[in-house]
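> So I've got this file, run33.txt, and it contains compact mmCIF, C-alpha atoms:
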```txt
# COMPACT_ATOMS: atom_id res chain seq x y z
CA MET D 15 -7.06 -28.84 15.33
CA ARG D 16 -9.90 -31.36 15.23
CA ASP D 17 -12.48 -31.10 12.46
CA LEU D 18 -15.02 -28.33 13.03
CA GLU D 19 -17.96 -30.63 13.73
CA SER D 20 -16.24 -32.55 16.52
CA THR D 21 -14.80 -29.30 17.91
CA THR D 22 -18.29 -27.84 18.00
CA ARG D 23 -19.67 -30.81 19.90
CA LEU D 24 -16.91 -30.52 22.49
CA VAL D 25 -17.60 -26.78 22.86
CA CYS D 26 -21.27 -27.62 23.42
CA ASP D 27 -20.20 -29.82 26.33
CA ILE D 28 -18.10 -26.98 27.76
CA ALA D 29 -20.99 -24.52 27.42
CA ARG D 30 -23.37 -26.94 29.13
CA GLU D 31 -20.95 -27.44 32.03
CA ALA D 32 -20.71 -23.67 32.52
CA GLY D 33 -24.49 -23.48 32.25
CA PHE D 34 -24.89 -26.09 34.99
CA TYR D 35 -22.69 -23.97 37.27
CA ILE D 36 -24.73 -20.85 36.47
CA ARG D 37 -28.01 -22.70 37.09
CA GLN D 38 -26.78 -23.89 40.48
CA GLU D 39 -25.61 -20.42 41.51
CA ARG D 40 -28.89 -18.83 40.43
CA ALA D 41 -30.78 -20.89 43.01
CA GLY D 42 -29.12 -19.01 45.87
CA PHE D 43 -28.30 -15.75 44.14
CA SER D 44 -29.03 -12.37 45.74
CA LEU D 45 -28.78 -8.84 44.40
CA ASP D 46 -26.14 -7.83 46.96
CA LYS D 47 -23.67 -9.97 44.98
CA VAL D 48 -23.92 -7.70 41.93
CA GLU D 49 -21.27 -5.19 40.83
CA ARG D 50 -21.76 -2.31 38.39
CA LYS D 51 -19.27 -2.03 35.54
CA HIS D 52 -21.00 1.05 34.11
CA ALA D 53 -24.44 2.59 34.48
CA HIS D 54 -27.00 -0.23 34.14
CA ASP D 55 -24.22 -2.67 33.13
CA TYR D 56 -23.86 -5.41 35.74
CA VAL D 57 -21.48 -8.23 36.58
CA SER D 58 -21.30 -10.80 39.36
CA TYR D 59 -18.99 -13.49 40.64
CA VAL D 60 -21.07 -15.90 38.52
CA ASP D 61 -19.97 -14.23 35.26
CA LYS D 62 -16.34 -14.44 36.40
CA GLY D 63 -16.63 -17.99 37.69
CA SER D 64 -18.21 -19.13 34.44
CA GLU D 65 -15.48 -17.43 32.39
CA GLN D 66 -12.74 -19.10 34.43
CA MET D 67 -14.30 -22.52 33.81
CA ILE D 68 -14.73 -21.90 30.08
CA VAL D 69 -11.25 -20.50 29.51
CA LYS D 70 -9.62 -23.42 31.33
CA ALA D 71 -11.56 -25.98 29.27
CA LEU D 72 -10.97 -24.20 25.95
CA ARG D 73 -7.23 -23.94 26.64
CA GLU D 74 -7.13 -27.70 27.08
CA LEU D 75 -9.16 -28.19 23.90
CA LEU D 76 -7.09 -25.84 21.71
CA PRO D 77 -3.85 -24.71 23.38
CA GLU D 78 -2.73 -22.65 20.36
CA ALA D 79 -5.74 -20.30 20.44
CA GLY D 80 -6.00 -16.88 22.09
CA PHE D 81 -9.03 -15.29 23.72
CA ILE D 82 -11.40 -12.34 23.50
CA THR D 83 -13.56 -12.48 26.63
CA GLU D 84 -16.09 -10.14 28.18
CA GLU D 85 -14.62 -10.21 31.68
CA GLY D 86 -11.03 -10.02 30.47
CA LEU D 87 -9.73 -13.09 32.32
CA ALA D 88 -7.78 -14.22 29.22
CA SER D 89 -6.27 -12.40 26.25
CA HIS D 90 -4.50 -12.85 22.93
CA THR D 91 -1.33 -11.73 21.18
CA ASP D 92 -0.71 -12.90 17.62
CA GLU D 93 -2.62 -16.20 17.61
CA GLN D 94 -4.41 -17.04 14.36
CA LEU D 95 -7.28 -18.71 16.17
CA LEU D 96 -9.29 -16.83 18.79
CA TRP D 97 -12.03 -17.92 21.15
CA VAL D 98 -14.66 -15.21 21.69
CA VAL D 99 -16.43 -15.83 24.99
CA ASP D 100 -19.39 -14.34 26.80
CA PRO D 101 -19.63 -16.37 30.00
CA LEU D 102 -23.11 -15.08 30.84
CA ASP D 103 -24.97 -13.11 28.20
CA GLY D 104 -28.03 -11.47 29.68
CA THR D 105 -26.60 -10.75 33.13
CA THR D 106 -29.39 -8.31 33.97
CA ASN D 107 -31.90 -11.05 33.14
CA PHE D 108 -29.93 -13.52 35.26
CA ILE D 109 -29.80 -11.37 38.39
CA HIS D 110 -33.57 -10.91 38.21
CA GLY D 111 -34.28 -14.57 37.43
CA PHE D 112 -35.77 -13.57 34.10
CA ALA D 113 -35.00 -15.80 31.09
CA PRO D 114 -33.27 -15.95 28.70
CA TYR D 115 -29.61 -15.85 29.66
CA ALA D 116 -26.88 -17.86 28.04
CA VAL D 117 -23.28 -18.93 27.57
CA SER D 118 -21.84 -17.88 24.19
CA ILE D 119 -18.62 -19.26 22.66
CA ALA D 120 -17.24 -18.70 19.15
CA LEU D 121 -14.02 -19.68 17.41
CA ILE D 122 -12.75 -17.25 14.78
CA ARG D 123 -9.84 -17.06 12.36
CA GLY D 124 -9.32 -13.69 10.74
CA LYS D 125 -12.61 -12.73 9.08
CA GLU D 126 -14.04 -16.24 9.42
CA ILE D 127 -16.29 -17.54 12.19
CA LEU D 128 -15.52 -21.24 12.39
CA VAL D 129 -17.63 -22.39 15.36
CA GLY D 130 -20.55 -20.89 17.26
CA VAL D 131 -22.23 -22.29 20.39
CA VAL D 132 -24.90 -20.62 22.51
CA TYR D 133 -26.37 -22.48 25.48
CA GLU D 134 -29.58 -21.06 26.96
CA ILE D 135 -29.57 -22.15 30.55
CA SER D 136 -33.19 -21.89 31.70
CA ALA D 137 -34.64 -23.87 28.78
CA ASP D 138 -31.66 -26.25 28.41
CA GLU D 139 -31.32 -25.34 24.73
CA CYS D 140 -27.96 -25.63 23.01
CA PHE D 141 -27.75 -23.82 19.67
CA CYS D 142 -24.67 -24.51 17.57
CA ALA D 143 -23.15 -24.21 14.11
CA TRP D 144 -19.85 -24.76 12.38
CA GLN D 145 -18.70 -23.24 9.11
CA ASP D 146 -20.61 -24.77 6.16
CA GLY D 147 -22.19 -27.36 8.45
CA GLY D 148 -25.67 -25.98 9.13
CA ALA D 149 -27.25 -24.81 12.37
CA TYR D 150 -28.71 -26.96 15.12
CA LEU D 151 -30.76 -26.83 18.31
CA ASN D 152 -30.13 -29.78 20.65
CA GLY D 153 -28.90 -31.74 17.65
CA GLN D 154 -31.83 -30.98 15.32
CA PRO D 155 -31.43 -28.73 12.24
CA ILE D 156 -32.94 -25.24 12.43
CA HIS D 157 -33.78 -22.68 9.77
CA VAL D 158 -34.87 -19.06 9.70
CA GLY D 159 -38.51 -18.18 9.12
CA LYS D 160 -40.12 -16.76 5.98
CA SER D 161 -42.28 -13.92 7.30
CA THR D 162 -42.57 -10.72 5.34
CA ILE D 163 -42.31 -7.36 7.10
CA ASN D 164 -46.07 -7.03 7.69
CA ASP D 165 -46.13 -10.21 9.80
CA ALA D 166 -42.60 -10.07 11.19
CA LEU D 167 -41.71 -10.37 14.87
CA LEU D 168 -38.82 -7.97 15.46
CA CYS D 169 -36.39 -7.76 18.36
CA LEU D 170 -35.14 -4.21 18.90
CA GLN D 171 -32.87 -4.28 21.93
CA LEU D 172 -32.01 -1.59 24.45
CA PRO D 173 -28.23 -1.42 24.94
CA TYR D 174 -26.56 0.07 28.02
CA ASN D 175 -25.50 3.23 26.17
CA SER D 176 -28.90 4.83 26.61
CA ASP D 177 -27.82 8.45 26.09
CA ALA D 178 -26.51 7.76 22.60
CA TYR D 179 -29.08 5.20 21.50
CA LYS D 180 -32.32 6.49 23.01
CA PRO D 181 -33.17 8.81 20.06
CA VAL D 182 -32.44 6.02 17.57
CA ILE D 183 -34.51 3.34 19.31
CA GLN D 184 -37.41 5.73 19.77
CA ARG D 185 -37.45 6.47 16.05
CA LEU D 186 -37.00 2.78 15.19
CA ILE D 187 -39.95 1.74 17.31
CA ASN D 188 -42.03 4.58 15.94
CA HIS D 189 -41.14 3.49 12.38
CA PHE D 190 -42.07 -0.18 12.83
CA TYR D 191 -44.67 -0.26 15.61
CA GLY D 192 -48.07 -0.90 14.06
CA SER D 193 -46.69 -1.94 10.67
CA VAL D 194 -45.07 -5.24 11.68
CA GLY D 195 -46.42 -8.27 13.50
CA SER D 196 -44.97 -7.08 16.81
CA ILE D 197 -41.79 -5.95 18.57
CA ARG D 198 -39.98 -7.61 21.46
CA MET D 199 -36.97 -6.88 23.70
CA ILE D 200 -35.47 -9.95 25.36
CA GLY D 201 -32.26 -8.74 27.02
CA SER D 202 -29.76 -11.13 25.45
CA ALA D 203 -28.04 -10.47 22.13
CA ALA D 204 -26.84 -14.06 21.82
CA MET D 205 -30.35 -15.43 22.31
CA ALA D 206 -31.98 -12.90 19.99
CA LEU D 207 -29.67 -14.14 17.25
CA CYS D 208 -30.44 -17.78 18.00
CA TYR D 209 -34.16 -17.07 17.98
CA VAL D 210 -33.80 -15.52 14.51
CA ALA D 211 -31.93 -18.66 13.42
CA ALA D 212 -34.71 -20.88 14.78
CA GLY D 213 -37.51 -18.82 13.22
CA ARG D 214 -38.87 -17.64 16.56
CA LEU D 215 -37.93 -14.06 15.65
CA ASP D 216 -37.71 -12.70 12.13
CA ALA D 217 -35.15 -9.97 12.80
CA TYR D 218 -32.93 -8.45 15.44
CA ALA D 219 -30.90 -5.23 15.60
CA GLU D 220 -28.71 -3.72 18.30
CA ARG D 221 -25.89 -1.22 18.66
CA TYR D 222 -23.21 -0.70 21.34
CA ILE D 223 -22.55 -4.39 21.89
CA GLY D 224 -19.31 -6.38 22.05
CA GLN D 225 -17.93 -9.13 19.85
CA TRP D 226 -18.62 -11.65 22.62
CA ASP D 227 -22.32 -10.71 22.46
CA TYR D 228 -22.86 -11.57 18.81
CA MET D 229 -20.04 -13.66 17.33
CA ALA D 230 -21.38 -17.16 18.04
CA GLY D 231 -24.97 -16.24 17.27
CA ALA D 232 -23.97 -14.60 14.00
CA LEU D 233 -22.62 -17.87 12.63
CA ILE D 234 -25.73 -19.72 13.79
CA VAL D 235 -27.94 -17.22 11.93
CA LYS D 236 -25.91 -17.51 8.73
CA GLU D 237 -25.81 -21.30 8.82
CA ALA D 238 -29.58 -21.35 9.42
CA GLY D 239 -30.09 -19.45 6.15
CA GLY D 240 -30.37 -15.92 7.55
CA ARG D 241 -28.48 -12.76 6.76
CA MET D 242 -26.07 -10.78 8.96
CA THR D 243 -24.80 -7.25 8.34
CA ASN D 244 -23.95 -4.14 10.28
CA TYR D 245 -26.23 -1.10 10.46
CA GLU D 246 -24.79 0.16 7.16
CA GLY D 247 -25.71 -3.08 5.41
CA LYS D 248 -22.12 -4.27 5.06
CA ASP D 249 -21.53 -8.01 5.29
CA TYR D 250 -18.34 -7.61 7.33
CA PHE D 251 -19.54 -6.78 10.84
CA MET D 252 -17.01 -8.63 13.00
CA GLN D 253 -15.04 -5.58 14.18
CA GLY D 254 -18.04 -3.35 14.86
CA ASP D 255 -20.41 -2.68 17.73
CA ASN D 256 -23.66 -3.17 15.81
CA VAL D 257 -25.41 -6.02 14.00
CA VAL D 258 -28.56 -6.65 12.02
CA ALA D 259 -29.80 -10.24 11.71
CA THR D 260 -32.85 -11.28 9.71
CA ASN D 261 -34.52 -14.14 7.89
CA GLY D 262 -33.21 -12.52 4.70
CA VAL D 263 -36.69 -11.70 3.42
CA ILE D 264 -37.01 -8.49 5.45
CA HIS D 265 -33.38 -7.43 5.65
CA GLN D 266 -33.71 -4.40 3.41
CA ASP D 267 -36.87 -3.32 5.25
CA LEU D 268 -35.01 -3.34 8.56
CA LEU D 269 -31.97 -1.55 7.13
CA GLU D 270 -34.22 1.14 5.68
CA GLY D 271 -35.86 1.65 9.07
CA ILE D 272 -32.45 1.95 10.67
CA ARG D 273 -31.29 4.42 8.02
CA LEU D 274 -34.29 6.66 8.66
CA SER D 275 -33.75 6.45 12.43
CA GLN D 276 -30.09 7.55 12.59
```
The structure in this file should be written as structure tokens.


Amino acid sequence: MRDLESTTRLVCDIAREAGFYIRQERAGFSLDKVERKHAHDYVSYVDKGSEQMIVKALRELLPEAGFITEEGLASHTDEQLLWVVDPLDGTTNFIHGFAPYAVSIALIRGKEILVGVVYEISADECFCAWQDGGAYLNGQPIHVGKSTINDALLCLQLPYNSDAYKPVIQRLINHFYGSVGSIRMIGSAAMALCYVAAGRLDAYAERYIGQWDYMAGALIVKEAGGRMTNYEGKDYFMQGDNVVATNGVIHQDLLEGIRLSQ
């Protein structure tokens, strides 16, 4: 395998190519091209087309790696290296023409995230990181912010599993609303993580999400100086369906709010 930095740069190119395809398709996209995977969980031919492009390019880049992908167009057996791919994170945003929506690609080995790339299509912003190499936006270093909880901008997302999560999110919002800077919901897990890494958000939490939603962004947060855990505060989150990402300063504040909201 190439060194991680050069691999990351090549993955950025792959993500941008997929993003160009998605941008082109958005120009003529209509809602009658949307399928429903579950209640309020959508997919279109664009998600699948993007995944096909990405998988083909990644196979050429690293033939020995397996895949974990959202649309299931590639798989893995016993490979040590795995690509984790979300070909279009924020599909609901995409079908409504509402930014952000992104391509997310990570490379993992066991409990290590080696490479993370997230390309936000509407703003032409490519966030990337490689293990122990720092985090970058369009080639420039990025770092998490320093806000304390009183001034923090939080992202508390609304996952598709509304029946299970509605009581939790209601209590979370009730706990923080009025005592933090403000609260946002942006509709893309990958981008929420990147915005924490870039200091645009101070924290993000979400449950009932897949590895493809958070794996690349998680590395970008960590390499930007932030902290990643699961809802229980454990550092190993890679097999779960929930993540908490912060600037580090307010991590315990957010975990305490989550604990009280369960």

> Residues near Pro101 in chain D, anyone? I mean within 8 Å using all atoms listed in the file, not counting same-chain ones fewer than 5 positions away, as a list of chain:residue names.

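Final neighbour list, sorted by chain and number: D:Ala32, D:Asp61, D:Lys62, D:Ser64, D:Glu65, D:Ile68, D:Thr83, D:Glu84, D:Ala116, D:Val117, D:Ser118, D:Ile119.
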
> Compile the contact shell of Leu233 in chain D as a list in words: residues with an atom at most 7 Å away, counting only C-alpha atoms, same-chain residues fewer than 5 positions apart removed.

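Counting only the stated atoms, we get Ile127, Gly130 and Ala143 of chain D.
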
> Need the neighbours of (-23.4, -27.6, 25.3): which residues are at most 9 Å away, counting all atoms listed in the file, as number ranges by chain?

D: 22-33, 117, 131-133, 138-142, 152

> Rounded to one decimal place, report the CA of Thr260 in chain D-CA of Met242 in chain D distance in Å.

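CA of Met242 in chain D lies at a distance of 6.8 Å from CA of Thr260 in chain D.
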
> I'd like to know which of D:Ser161, D:Gln94, D:Asn261, D:Asn107 is closest to Val210 in chain D, using all atoms listed in the file.

D:Asn261

> Name all residues at most 9 Å from Arg214 in chain D (count all atoms listed in the file; drop same-chain ones fewer than 3 positions away) and give them as a list in words.

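Counting all atoms listed in the file, the residues come to Val158, Gly159, Leu167, Cys208, Tyr209, Val210 and Ala211 of chain D.
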
> If you keep C-alpha atoms, can you produce a file of those selected residues as a PDB file, in the coordinates of the input?


```pdb
ATOM      1  CA  VAL D 158     -34.870 -19.060   9.700  1.00  0.00           C
ATOM      2  CA  GLY D 159     -38.510 -18.180   9.120  1.00  0.00           C
ATOM      3  CA  LEU D 167     -41.710 -10.370  14.870  1.00  0.00           C
ATOM      4  CA  CYS D 208     -30.440 -17.780  18.000  1.00  0.00           C
ATOM      5  CA  TYR D 209     -34.160 -17.070  17.980  1.00  0.00           C
ATOM      6  CA  VAL D 210     -33.800 -15.520  14.510  1.00  0.00           C
ATOM      7  CA  ALA D 211     -31.930 -18.660  13.420  1.00  0.00           C
TER       8      ALA D 211
END
```

> Looking at only C-alpha atoms, which of D:Ile122, D:Leu207, D:Leu128, D:Val69 is the one that sits closest to Leu87 in chain D?

D:Val69

> Counting only C-alpha atoms, figure out which residue out of D:Ala41, D:Met67, D:Ala217, D:Ala212 gets nearest to Ile197 in chain D.

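Checking each of D:Ala41, D:Met67, D:Ala217, D:Ala212 against Ile197 in chain D, counting only C-alpha atoms, the winner is D:Ala217.
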